[in-house]
>>> print(open('coords_12.txt').read())   # compact mmCIF, C-alpha atoms
# COMPACT_ATOMS: atom_id res chain seq x y z
CA MET P 1 2.64 91.43 -44.75
CA LEU P 2 2.52 93.39 -47.98
CA LEU P 3 5.46 91.39 -49.34
CA VAL P 4 3.79 88.12 -48.34
CA LEU P 5 0.61 89.16 -50.16
CA LEU P 6 2.61 90.26 -53.19
CA LEU P 7 4.44 86.93 -53.30
CA ALA P 8 1.15 85.03 -52.99
CA PHE P 9 -0.29 87.11 -55.83
CA SER P 10 2.82 86.43 -57.96
CA LEU P 11 2.56 82.68 -57.36
CA LEU P 12 -1.13 82.68 -58.27
CA LYS P 13 -0.34 84.55 -61.49
CA ALA P 14 2.40 82.06 -62.36
CA TRP P 15 0.01 79.18 -61.69
CA ALA P 16 -2.65 80.80 -63.89
CA LEU P 17 -0.05 81.17 -66.65
CA ALA P 18 0.81 77.49 -66.34
CA GLN P 19 -2.86 76.56 -66.58
CA SER P 20 -3.35 78.61 -69.75
CA SER P 21 -0.22 77.26 -71.49
CA GLU P 22 0.26 74.12 -73.57
CA GLY P 23 3.56 73.07 -72.01
CA LEU P 24 5.12 71.97 -75.29
CA ASP P 25 8.43 70.94 -73.74
CA TYR P 26 6.83 69.01 -70.92
CA TYR P 27 4.61 67.16 -73.42
CA GLN P 28 7.71 65.65 -75.02
CA PHE P 29 9.12 64.60 -71.65
CA TRP P 30 5.74 63.08 -70.79
CA VAL P 31 5.45 61.13 -74.05
CA VAL P 32 8.86 59.50 -73.68
CA GLY P 33 8.21 58.84 -69.99
CA ARG P 34 4.92 57.07 -70.79
CA ALA P 35 6.58 55.07 -73.57
CA LEU P 36 9.26 53.96 -71.10
CA ALA P 37 6.63 52.91 -68.57
CA ARG P 38 4.93 50.78 -71.23
CA GLY P 39 8.15 49.31 -72.53
CA GLU P 40 7.47 50.82 -75.98
CA ALA P 41 10.16 53.50 -76.13
CA GLY P 42 12.82 51.76 -78.24
CA ASP P 43 15.61 54.04 -79.40
CA VAL P 44 13.94 57.37 -78.67
CA TYR P 45 16.88 59.24 -80.22
CA SER P 46 16.34 57.82 -83.71
CA ASP P 47 14.34 59.68 -86.36
CA GLU P 48 12.08 56.65 -86.75
CA SER P 49 11.11 56.70 -83.06
CA ARG P 50 10.52 60.46 -83.08
CA VAL P 51 7.97 60.01 -85.86
CA ARG P 52 6.46 56.81 -84.46
CA LEU P 53 5.96 58.09 -80.92
CA GLY P 54 4.72 61.46 -82.13
CA ARG P 55 2.03 59.85 -84.27
CA GLN P 56 1.10 57.26 -81.66
CA PHE P 57 0.46 59.87 -78.96
CA LEU P 58 -1.19 62.23 -81.44
CA LEU P 59 -3.74 59.48 -82.11
CA ALA P 60 -4.23 58.99 -78.37
CA ALA P 61 -4.78 62.73 -77.95
CA GLN P 62 -7.79 62.55 -80.29
CA GLY P 63 -9.62 60.28 -77.84
CA PRO P 64 -12.54 61.40 -75.68
CA HIS P 65 -10.53 61.38 -72.45
CA ALA P 66 -7.75 63.70 -73.68
CA SER P 67 -7.74 67.31 -72.53
CA PRO P 68 -7.66 70.27 -74.96
CA ARG P 69 -4.14 71.05 -73.69
CA GLN P 70 -2.96 67.54 -74.61
CA ARG P 71 -4.55 67.77 -78.09
CA MET P 72 -2.90 71.09 -78.86
CA ALA P 73 0.51 69.93 -77.60
CA ALA P 74 0.25 66.68 -79.58
CA GLN P 75 -0.55 68.58 -82.77
CA GLU P 76 2.40 70.93 -82.23
CA ARG P 77 4.74 68.00 -81.46
CA ALA P 78 3.55 65.53 -84.09
CA VAL P 79 7.25 64.74 -84.60
CA LEU P 80 9.16 64.74 -81.32
CA GLN P 81 12.43 66.54 -80.63
CA THR P 82 14.07 64.02 -78.32
CA TYR P 83 17.39 65.57 -77.31
CA SER P 84 17.09 65.34 -73.51
CA THR P 85 19.13 62.89 -71.45
CA PRO P 86 17.94 59.40 -70.46
CA LEU P 87 18.00 60.48 -66.81
CA LEU P 88 15.59 63.35 -67.47
CA TYR P 89 13.14 61.05 -69.25
CA SER P 90 13.50 58.40 -66.55
CA ALA P 91 13.02 60.83 -63.66
CA LEU P 92 10.01 62.63 -65.12
CA GLY P 93 8.59 59.38 -66.44
CA ALA P 94 8.63 57.96 -62.91
CA LEU P 95 6.26 60.78 -61.87
CA THR P 96 3.66 60.11 -64.58
CA SER P 97 0.31 58.46 -63.91
CA GLY P 98 -1.02 58.23 -67.46
CA SER P 99 -3.28 61.29 -67.28
CA TYR P 100 -1.57 64.14 -69.09
CA GLU P 101 -3.63 66.81 -67.35
CA SER P 102 -2.91 65.49 -63.85
CA ASP P 103 0.77 64.90 -64.59
CA TYR P 104 1.14 68.36 -66.10
CA ARG P 105 -0.33 69.99 -62.99
CA VAL P 106 1.94 67.98 -60.67
CA PHE P 107 4.98 68.90 -62.76
CA GLN P 108 4.12 72.61 -62.78
CA LEU P 109 3.43 72.58 -59.04
CA LEU P 110 6.77 70.90 -58.27
CA SER P 111 8.61 73.23 -60.65
CA LEU P 112 6.99 76.33 -59.18
CA ALA P 113 7.90 75.22 -55.66
CA ALA P 114 11.47 74.37 -56.73
CA GLY P 115 12.01 77.67 -58.53
CA VAL P 116 10.66 79.99 -55.85
CA GLY P 117 12.07 77.84 -53.05
CA ALA P 118 15.51 77.99 -54.68
CA VAL P 119 15.47 81.79 -54.76
CA ALA P 120 14.45 81.93 -51.09
CA LEU P 121 17.07 79.38 -50.05
CA LEU P 122 19.84 81.12 -52.01
CA ALA P 123 18.88 84.48 -50.53
CA ARG P 124 18.94 83.18 -46.96
CA LEU P 125 22.25 81.35 -47.49
CA LEU P 126 23.80 84.56 -48.82
CA GLY P 127 22.78 86.78 -45.94
CA TYR P 128 19.47 88.32 -47.06
CA SER P 129 17.00 89.34 -44.39
CA TRP P 130 13.54 87.75 -44.48
CA LEU P 131 12.10 90.94 -46.01
CA ALA P 132 14.77 90.99 -48.71
CA THR P 133 14.23 87.26 -49.30
CA LEU P 134 10.52 87.81 -49.91
CA ALA P 135 11.33 90.66 -52.27
CA ALA P 136 13.81 88.48 -54.19
CA ALA P 137 11.21 85.70 -54.51
CA VAL P 138 8.78 88.19 -56.06
CA VAL P 139 11.35 89.71 -58.41
CA PHE P 140 12.63 86.37 -59.72
CA SER P 141 9.21 84.82 -60.26
CA ASP P 142 6.39 86.99 -61.57
CA TRP P 143 8.69 89.87 -62.56
CA TYR P 144 11.40 87.77 -64.22
CA GLU P 145 10.65 86.90 -67.85
CA PRO P 146 12.96 83.82 -68.02
CA PHE P 147 10.97 82.32 -65.12
CA LEU P 148 7.69 82.98 -66.91
CA SER P 149 9.10 81.53 -70.13
CA ASP P 150 9.97 78.30 -68.30
CA VAL P 151 6.41 78.18 -66.96
CA ARG P 152 4.91 78.64 -70.43
CA VAL P 153 6.85 75.89 -72.21
CA GLY P 154 7.05 73.51 -69.24
CA ASN P 155 10.81 73.11 -69.24
CA VAL P 156 12.95 71.95 -66.33
CA ASN P 157 15.07 75.00 -65.54
CA ARG P 158 13.17 75.73 -62.32
CA LEU P 159 13.98 72.20 -61.17
CA GLU P 160 17.64 72.76 -62.04
CA LEU P 161 17.64 75.97 -60.04
CA GLY P 162 16.29 74.00 -57.11
CA LEU P 163 19.09 71.42 -57.46
CA LEU P 164 21.75 74.15 -57.42
CA ALA P 165 20.27 75.72 -54.28
CA LEU P 166 20.04 72.31 -52.61
CA PHE P 167 23.68 71.60 -53.48
CA LEU P 168 24.83 74.88 -51.89
CA TRP P 169 22.75 74.21 -48.79
CA LEU P 170 24.27 70.76 -48.40
CA ARG P 171 27.81 72.06 -49.04
CA GLY P 172 27.53 75.20 -46.89
CA GLY P 173 28.78 75.36 -43.34
CA ARG P 174 30.30 72.46 -41.45
CA GLN P 175 27.51 69.90 -41.37
CA GLY P 176 29.66 66.80 -41.77
CA ARG P 177 31.02 64.66 -44.54
CA GLY P 178 27.79 62.78 -45.20
CA ARG P 179 25.91 65.88 -46.29
CA ARG P 180 28.83 66.99 -48.43
CA VAL P 181 28.93 63.63 -50.18
CA LEU P 182 25.18 63.96 -50.72
CA GLY P 183 25.82 67.40 -52.19
CA GLY P 184 28.14 65.85 -54.76
CA ALA P 185 25.45 63.30 -55.64
CA VAL P 186 22.88 66.10 -56.08
CA LEU P 187 25.29 67.91 -58.41
CA ALA P 188 25.82 64.68 -60.38
CA PHE P 189 22.05 64.34 -60.78
CA GLY P 190 21.82 67.93 -62.03
CA VAL P 191 24.54 67.44 -64.63
CA LEU P 192 23.14 64.14 -65.94
CA PHE P 193 19.58 65.47 -65.76
CA LYS P 194 20.47 68.32 -68.12
CA PRO P 195 24.10 68.99 -69.05
CA ASN P 196 23.84 72.80 -69.08
CA LEU P 197 25.16 72.52 -65.51
CA ALA P 198 28.29 70.72 -66.69
CA PHE P 199 30.58 73.75 -66.35
CA VAL P 200 29.78 74.02 -62.64
CA VAL P 201 31.81 70.85 -61.91
CA PRO P 202 35.25 71.89 -63.27
CA LEU P 203 34.91 75.38 -61.80
CA LEU P 204 34.15 73.99 -58.34
CA ALA P 205 36.95 71.41 -58.60
CA ALA P 206 39.49 74.06 -59.61
CA CYS P 207 38.35 76.36 -56.81
CA TRP P 208 38.68 73.65 -54.17
CA LEU P 209 42.15 72.68 -55.39
CA LEU P 210 43.42 76.24 -55.60
CA ARG P 211 41.99 77.10 -52.17
CA ARG P 212 43.52 73.91 -50.70
CA ARG P 213 40.09 72.66 -49.69
CA ARG P 214 41.09 69.03 -50.04
CA GLU P 215 38.28 67.61 -47.92
CA ASP P 216 35.68 69.41 -50.01
CA PHE P 217 37.30 68.10 -53.17
CA ALA P 218 37.40 64.53 -51.82
CA THR P 219 33.87 64.41 -50.40
CA ALA P 220 32.25 66.11 -53.38
CA GLY P 221 34.25 63.93 -55.76
CA ALA P 222 33.10 60.79 -53.95
CA GLY P 223 29.47 61.92 -54.07
CA LEU P 224 29.78 62.95 -57.71
CA VAL P 225 31.21 59.60 -58.82
CA LEU P 226 28.84 57.53 -56.70
CA GLY P 227 25.85 59.59 -57.81
CA MET P 228 26.74 59.32 -61.48
CA LEU P 229 27.17 55.55 -61.26
CA LEU P 230 23.81 55.09 -59.56
CA GLU P 231 22.02 57.49 -61.88
CA LEU P 232 23.52 55.96 -65.01
CA ALA P 233 22.49 52.51 -63.80
CA TRP P 234 18.94 53.58 -62.95
CA SER P 235 18.34 55.41 -66.24
CA SER P 236 19.81 52.51 -68.24
CA ALA P 237 17.47 50.12 -66.41
CA SER P 238 14.52 52.39 -67.25
CA PHE P 239 15.47 52.24 -70.93
CA ARG P 240 16.18 48.50 -70.63
CA SER P 241 19.49 49.13 -72.37
CA GLY P 242 22.87 50.58 -71.48
CA ALA P 243 23.10 51.95 -75.03
CA CYS P 244 20.66 54.76 -74.26
CA TRP P 245 23.45 57.13 -73.24
CA ALA P 246 25.41 56.44 -76.42
CA GLY P 247 22.19 57.10 -78.35
CA TRP P 248 21.70 60.38 -76.54
CA MET P 249 25.26 61.54 -77.27
CA ALA P 250 24.87 60.66 -80.95
CA GLY P 251 21.52 62.44 -81.09
CA ALA P 252 22.83 65.52 -79.28
CA ALA P 253 25.66 65.78 -81.82
CA ARG P 254 23.04 66.02 -84.58
CA ILE P 255 20.90 68.78 -83.05
CA PRO P 256 20.07 71.18 -85.91
CA GLU P 257 21.83 74.52 -85.55
CA ASP P 258 18.61 76.43 -86.26
CA ILE P 259 16.27 74.38 -84.04
CA THR P 260 15.54 77.36 -81.77
CA PRO P 261 16.24 80.74 -83.41
CA VAL P 262 16.21 84.09 -81.67
CA SER P 263 12.66 84.68 -82.89
CA ALA P 264 11.55 81.59 -80.93
CA GLY P 265 13.00 82.96 -77.67
CA ASN P 266 16.57 81.59 -77.77
CA PHE P 267 18.47 84.61 -76.48
CA ALA P 268 21.86 82.93 -76.15
CA LEU P 269 24.90 84.85 -77.42
CA ALA P 270 25.84 81.96 -79.72
CA ARG P 271 22.35 81.97 -81.27
CA LEU P 272 22.42 85.75 -81.67
CA VAL P 273 25.77 85.58 -83.47
CA ALA P 274 24.61 82.70 -85.67
CA ASP P 275 21.37 84.42 -86.68
CA ALA P 276 23.04 87.77 -87.30
CA TRP P 277 26.27 86.76 -89.05
CA GLY P 278 26.04 83.02 -89.73
CA PHE P 279 28.96 82.07 -87.46
CA HIS P 280 28.35 79.05 -85.24
CA VAL P 281 30.36 79.62 -82.07
CA SER P 282 28.33 77.61 -79.57
CA ALA P 283 30.86 74.78 -79.42
CA GLY P 284 33.65 76.96 -78.03
CA LEU P 285 31.82 79.84 -76.35
CA GLY P 286 30.98 78.14 -73.06
CA GLY P 287 34.43 76.57 -72.82
CA GLY P 288 36.10 79.90 -73.53
CA LEU P 289 34.13 81.71 -70.83
CA ALA P 290 34.82 78.91 -68.36
CA ALA P 291 38.53 79.06 -69.22
CA ALA P 292 38.55 82.82 -68.62
CA THR P 293 36.93 82.23 -65.24
CA LEU P 294 39.61 79.68 -64.36
CA VAL P 295 42.34 82.17 -65.30
CA VAL P 296 40.90 84.80 -62.94
CA LEU P 297 40.50 82.18 -60.23
CA ALA P 298 44.14 81.14 -60.62
CA LEU P 299 45.27 84.77 -60.51
CA GLY P 300 43.47 85.16 -57.22
CA GLY P 301 45.63 82.47 -55.75
CA ARG P 302 44.90 80.53 -52.60
CA GLY P 303 43.97 83.18 -50.08
CA GLN P 304 40.53 84.18 -48.83
CA SER P 305 40.05 87.69 -47.59
CA GLU P 306 36.42 87.68 -46.44
CA ALA P 307 35.82 86.43 -42.91
CA ASP P 308 32.46 84.87 -43.81
CA GLU P 309 34.19 82.65 -46.38
CA ALA P 310 35.61 80.36 -43.72
CA SER P 311 33.05 77.74 -44.69
CA GLY P 312 33.77 78.20 -48.39
CA LEU P 313 30.11 78.97 -49.08
CA LEU P 314 30.81 82.15 -51.04
CA ASP P 315 33.48 80.44 -53.12
CA ASP P 316 31.08 77.63 -53.95
CA ALA P 317 28.24 80.05 -54.69
CA ARG P 318 30.45 82.03 -57.09
CA MET P 319 31.47 78.92 -58.99
CA VAL P 320 27.88 77.70 -59.19
CA ALA P 321 26.74 81.12 -60.41
CA LEU P 322 29.52 81.44 -62.99
CA GLY P 323 28.97 77.86 -64.15
CA GLY P 324 25.33 78.70 -64.83
CA LEU P 325 26.27 81.90 -66.65
CA VAL P 326 28.89 80.54 -69.02
CA TRP P 327 26.42 78.19 -70.71
CA ALA P 328 24.56 81.43 -71.54
CA HIS P 329 21.45 79.79 -73.00
CA TYR P 330 18.88 79.35 -70.23
CA LEU P 331 18.56 82.74 -68.59
CA LEU P 332 16.80 81.36 -65.53
CA LEU P 333 20.18 79.95 -64.48
CA ALA P 334 21.43 83.54 -64.15
CA VAL P 335 19.37 83.87 -60.94
CA PRO P 336 22.17 82.59 -58.63
CA ALA P 337 24.51 85.16 -60.16
CA ALA P 338 22.02 87.98 -59.65
CA VAL P 339 21.20 86.97 -56.06
CA LEU P 340 24.91 86.70 -55.30
CA ALA P 341 25.80 90.00 -56.97
CA LEU P 342 23.08 91.88 -55.06
CA ARG P 343 23.66 90.32 -51.63
CA PRO P 344 23.45 92.99 -48.92
CA THR P 345 26.68 92.01 -47.12
CA SER P 346 28.91 92.00 -50.19
CA GLY P 347 30.73 95.22 -49.30
CA ARG P 348 30.33 96.14 -52.96
CA ARG P 349 31.06 99.74 -53.96
CA GLY P 350 28.41 101.99 -55.48
CA ALA P 351 29.37 101.59 -59.15
CA SER P 352 29.66 97.82 -58.93
CA ARG P 353 26.33 97.50 -57.09
CA LEU P 354 24.70 99.73 -59.72
CA VAL P 355 26.05 97.52 -62.52
CA ALA P 356 24.70 94.40 -60.78
CA ALA P 357 21.26 95.98 -60.32
CA ALA P 358 21.14 97.24 -63.92
CA ALA P 359 22.16 93.81 -65.23
CA THR P 360 19.39 92.15 -63.21
CA VAL P 361 16.75 94.60 -64.48
CA THR P 362 18.00 94.00 -68.02
CA LEU P 363 17.61 90.23 -67.66
CA MET P 364 14.08 90.70 -66.32
CA LEU P 365 13.18 92.11 -69.79
CA ASN P 366 9.58 93.00 -68.86
CA PRO P 367 10.51 96.42 -67.35
CA LEU P 368 12.45 97.27 -70.53
CA ARG P 369 9.49 96.30 -72.70
CA ALA P 370 7.07 98.25 -70.52
CA MET P 371 9.24 101.36 -70.89
CA GLY P 372 9.56 100.83 -74.65
CA VAL P 373 13.35 100.41 -74.45
CA VAL P 374 13.36 97.12 -76.37
CA HIS P 375 11.11 95.87 -79.14
CA GLY P 376 11.12 92.44 -80.74
CA ALA P 377 13.13 89.30 -80.13
CA GLY P 378 16.41 90.66 -81.53
CA GLN P 379 16.56 93.61 -79.16
CA MET P 380 15.51 91.47 -76.20
CA ALA P 381 18.25 88.97 -77.04
CA THR P 382 20.82 91.77 -77.21
CA ALA P 383 19.67 93.17 -73.87
CA SER P 384 19.86 89.71 -72.28
CA VAL P 385 23.39 89.13 -73.54
CA LEU P 386 24.49 92.51 -72.19
CA GLY P 387 22.95 91.70 -68.80
CA LEU P 388 24.70 88.31 -68.70
CA ALA P 389 28.03 89.89 -69.63
CA ALA P 390 27.69 92.53 -66.89
CA LEU P 391 26.88 89.91 -64.23
CA TRP P 392 29.78 87.76 -65.40
CA LEU P 393 32.21 90.68 -65.00
CA VAL P 394 30.80 91.58 -61.58
CA LEU P 395 31.30 88.00 -60.35
CA LEU P 396 34.78 87.78 -61.89
CA ASN P 397 35.60 90.89 -59.94
CA ASP P 398 34.34 89.20 -56.77
CA VAL P 399 36.42 86.08 -57.44
CA TYR P 400 39.53 88.21 -57.78
CA ARG P 401 38.73 90.40 -54.78
CA ALA P 402 38.16 87.34 -52.60
CA SER P 403 41.91 86.85 -52.36
CA THR P 404 43.39 90.26 -53.10
CA SER P 405 42.80 93.78 -51.85
CA ARG P 406 43.57 95.47 -55.15
CA GLY P 407 40.02 95.77 -56.45
CA GLY P 408 39.79 93.07 -59.10
CA PRO P 409 39.13 93.41 -62.83
CA MET P 410 36.62 96.23 -62.47
CA GLY P 411 39.08 98.07 -60.26
CA ALA P 412 41.54 97.85 -63.14
CA LEU P 413 39.72 100.80 -64.64
CA VAL P 414 41.12 102.81 -61.73
CA ASP P 415 44.46 101.35 -60.71
CA GLY P 416 45.32 98.79 -63.41
CA ALA P 417 46.18 96.06 -60.86
CA PHE P 418 44.23 93.35 -62.64
CA VAL P 419 45.72 94.23 -66.03
CA ARG P 420 49.23 94.09 -64.57
CA ASP P 421 48.55 90.70 -63.02
CA VAL P 422 47.21 89.33 -66.31
CA ALA P 423 50.29 90.67 -68.10
>>> encode(input="coords_12.txt", output="structure tokens")
Amino acid sequence: MLLVLLLAFSLLKAWALAQSSEGLDYYQFWVVGRALARGEAGDVYSDESRVRLGRQFLLAAQGPHASPRQRMAAQERAVLQTYSTPLLYSALGALTSGSYESDYRVFQLLSLAAGVGAVALLARLLGYSWLATLAAAVVFSDWYEPFLSDVRVGNVNRLELGLLALFLWLRGGRQGRGRRVLGGAVLAFGVLFKPNLAFVVPLLAACWLLRRRREDFATAGAGLVLGMLLELAWSSASFRSGACWAGWMAGAARIPEDITPVSAGNFALARLVADAWGFHVSAGLGGGLAAATLVVLALGGRGQSEADEASGLLDDARMVALGGLVWAHYLLLAVPAAVLALRPTSGRRGASRLVAAAATVTLMLNPLRAMGVVHGAGQMATASVLGLAALWLVLLNDVYRASTSRGGPMGALVDGAFVRDVA
């Protein structure tokens, strides 16, 4: 009962935070969505449209029916930053009514439900008791700074977390081919909705092939292809042009390197390196981490040592978690990795469990700030990167241990098995 009350209190606090925030990211999604509904969007990825739409909706925000939140957001986004995919604009635009205040509340309510629901679903899938599930929902909502950051700016990472949890639920167990195909379609939607989930796909595909899970590969592949075709067609119809995706790719290639510095809350490793030393490594960082994951997966071979992996759920959960980590930009996507690393039935040894717990606390950030351990954006970014790196190593160790009894990469500190295998 105490945990239920604490969760209710955490949700109310998150809702209050949403109500007191401007939702600058959501405002941009809303503007493009409304322009699409009116047939006035044009090429939203051109500089001309960014200025035109920004000014048009800034004028509308000065009217008597606009809310103070809308006015403040419109002033902050007088020139739009339209770098999101056509599917994101189409999907969120389909949920708009024309009233910014009403649409903002609906979006925040759906996002809050998706984020907290995803944590609960992941916890239950991975063997948490109901008490532990409630505790996880509290920790990764009101106590988890990346969650609160997503609430403040009105971004879509809570929705993405919900899509990942839904995919694992559809793929887990032996519920039939139809649900597995649907899981592939959900994953396709997530990738086209926001491509920071793109690394999840090759990691899952490699895992299924190496583990000889041909049916999983075939059903997910069918769902992925079918989903992408339908979603590309729908978003192109919303934009009234098939060229919208080419426009998005051209616009994404021109994203300014300094659009979100560390001081603005971008705690990605690539941003930290760029701000500190001027080296731009974002293009290869995610690919390099994904490649390292694939190497460890290949070293593990085709066996599975854990009895509860008969359904492949743990394999899939590890690939989803690692795919969210290697992008290393949106820290809310580290939640699957943390939930997986801390699962009660992992059989993890004391040192490894301690590393996982310390990494999770580090990513929460608020406890470190309360204790005075970190000050300022630079130190928080460094702490976040260290937490991500620790979780990544813990999960790599799990991937290796899943098919060998020699302890994995962390066990290499003791017996050198992993180092010998790499050599």
>>> atom_distance(input="coords_12.txt", atom1="CA of Gly127 (chain P)", atom2="CA of Arg343 (chain P)")
6.8 Å
>>> atom_distance(input="coords_12.txt", atom1="CA of Cys207 (chain P)", atom2="CA of Asp315 (chain P)")
7.3 Å
>>> closest_atom_pairs(input="coords_12.txt", of="region 210-253 of chain P", to="region 165-189 of chain P", cutoff="12 Å", atoms="only C-alpha atoms", output="JSON lines")
{"residue": "P:Glu215", "atom": "CA", "partner": "P:Arg177", "partner_atom": "CA", "distance": 8.5}
{"residue": "P:Asp216", "atom": "CA", "partner": "P:Arg180", "partner_atom": "CA", "distance": 7.4}
{"residue": "P:Phe217", "atom": "CA", "partner": "P:Gly184", "partner_atom": "CA", "distance": 9.6}
{"residue": "P:Ala218", "atom": "CA", "partner": "P:Val181", "partner_atom": "CA", "distance": 8.7}
{"residue": "P:Thr219", "atom": "CA", "partner": "P:Val181", "partner_atom": "CA", "distance": 5.0}
{"residue": "P:Ala220", "atom": "CA", "partner": "P:Gly184", "partner_atom": "CA", "distance": 4.3}
{"residue": "P:Gly221", "atom": "CA", "partner": "P:Gly184", "partner_atom": "CA", "distance": 6.5}
{"residue": "P:Ala222", "atom": "CA", "partner": "P:Val181", "partner_atom": "CA", "distance": 6.3}
{"residue": "P:Gly223", "atom": "CA", "partner": "P:Gly184", "partner_atom": "CA", "distance": 4.2}
{"residue": "P:Leu224", "atom": "CA", "partner": "P:Gly184", "partner_atom": "CA", "distance": 4.4}
{"residue": "P:Val225", "atom": "CA", "partner": "P:Ala185", "partner_atom": "CA", "distance": 7.5}
{"residue": "P:Leu226", "atom": "CA", "partner": "P:Ala185", "partner_atom": "CA", "distance": 6.8}
{"residue": "P:Gly227", "atom": "CA", "partner": "P:Ala185", "partner_atom": "CA", "distance": 4.3}
{"residue": "P:Met228", "atom": "CA", "partner": "P:Ala188", "partner_atom": "CA", "distance": 5.5}
{"residue": "P:Leu229", "atom": "CA", "partner": "P:Ala188", "partner_atom": "CA", "distance": 9.3}
{"residue": "P:Leu230", "atom": "CA", "partner": "P:Ala185", "partner_atom": "CA", "distance": 9.2}
{"residue": "P:Glu231", "atom": "CA", "partner": "P:Phe189", "partner_atom": "CA", "distance": 6.9}
{"residue": "P:Leu232", "atom": "CA", "partner": "P:Phe189", "partner_atom": "CA", "distance": 9.5}
{"residue": "P:Trp234", "atom": "CA", "partner": "P:Phe189", "partner_atom": "CA", "distance": 11.4}
{"residue": "P:Ser235", "atom": "CA", "partner": "P:Phe189", "partner_atom": "CA", "distance": 11.1}
>>> atom_distance(input="coords_12.txt", atom1="CA of Ala135 (chain P)", atom2="CA of Gly378 (chain P)")
29.7 Å
>>> residues_around(input="coords_12.txt", residues="region 321-326 of chain P", least_positions_apart="2", cutoff="9 Å", atoms="only C-alpha atoms", output="VMD selection string")
chain P and resid 196 to 204 285 to 290 293 316 to 319 328 to 338 340 388 to 389 391 to 392 395 to 396
>>> closest_atom_pairs(input="coords_12.txt", of="region 186-293 of chain P", to="region 147-162 of chain P", cutoff="9 Å", atoms="all atoms listed in the file", output="CSV")
residue,atom,partner,partner_atom,distance
P:Gly190,CA,P:Glu160,CA,6.4
P:Phe193,CA,P:Glu160,CA,8.4
P:Lys194,CA,P:Glu160,CA,8.0
P:Leu197,CA,P:Glu160,CA,8.3
P:Gly265,CA,P:Ser149,CA,8.6
>>> closest_residue(input="coords_12.txt", among="P:Gln75, P:Asn266, P:Gln19, P:Thr85", to="Ala246 (chain P)", atoms="all atoms listed in the file")
P:Thr85
>>> closest_residue(input="coords_12.txt", among="P:Leu24, P:Ala114, P:Leu164, P:Ala356", to="Ser141 (chain P)", atoms="all atoms listed in the file")
P:Ala114
>>> residues_around(input="coords_12.txt", residues="Leu58 (chain P)", least_positions_apart="3", cutoff="8 Å", atoms="all atoms listed in the file", output="list in words")
Gly54, Arg55, Ala61, Gln62, Arg71, Ala74, Gln75 and Ala78 of chain P
>>> residues_near_point(input="coords_12.txt", point="(20.4, 82.2, -76.8)", cutoff="10 Å", atoms="only C-alpha atoms", output="list in words")
Thr260, Pro261, Val262, Ala264, Gly265, Asn266, Phe267, Ala268, Leu269, Ala270, Arg271, Leu272, Val273, Ala274, Ser282, Trp327, Ala328, His329, Tyr330, Leu331, Ala381, Thr382, Ser384 and Val385 of chain P
>>> closest_residue(input="coords_12.txt", among="P:Gly372, P:Ala233, P:Gln108, P:Arg50", to="Trp245 (chain P)", atoms="only C-alpha atoms")
P:Ala233
>>> axis_aligned_box(input="coords_12.txt", around="region 15-18 of chain P", padding_each_side="5 Å", output="AutoDock Vina command-line options")
--center_x -0.9 --center_y 79.3 --center_z -64.2 --size_x 13.5 --size_y 13.7 --size_z 15.0
>>> closest_residue(input="coords_12.txt", among="P:Ala377, P:Val116, P:Ala351, P:Leu122", to="Val320 (chain P)", atoms="all atoms listed in the file")
P:Leu122
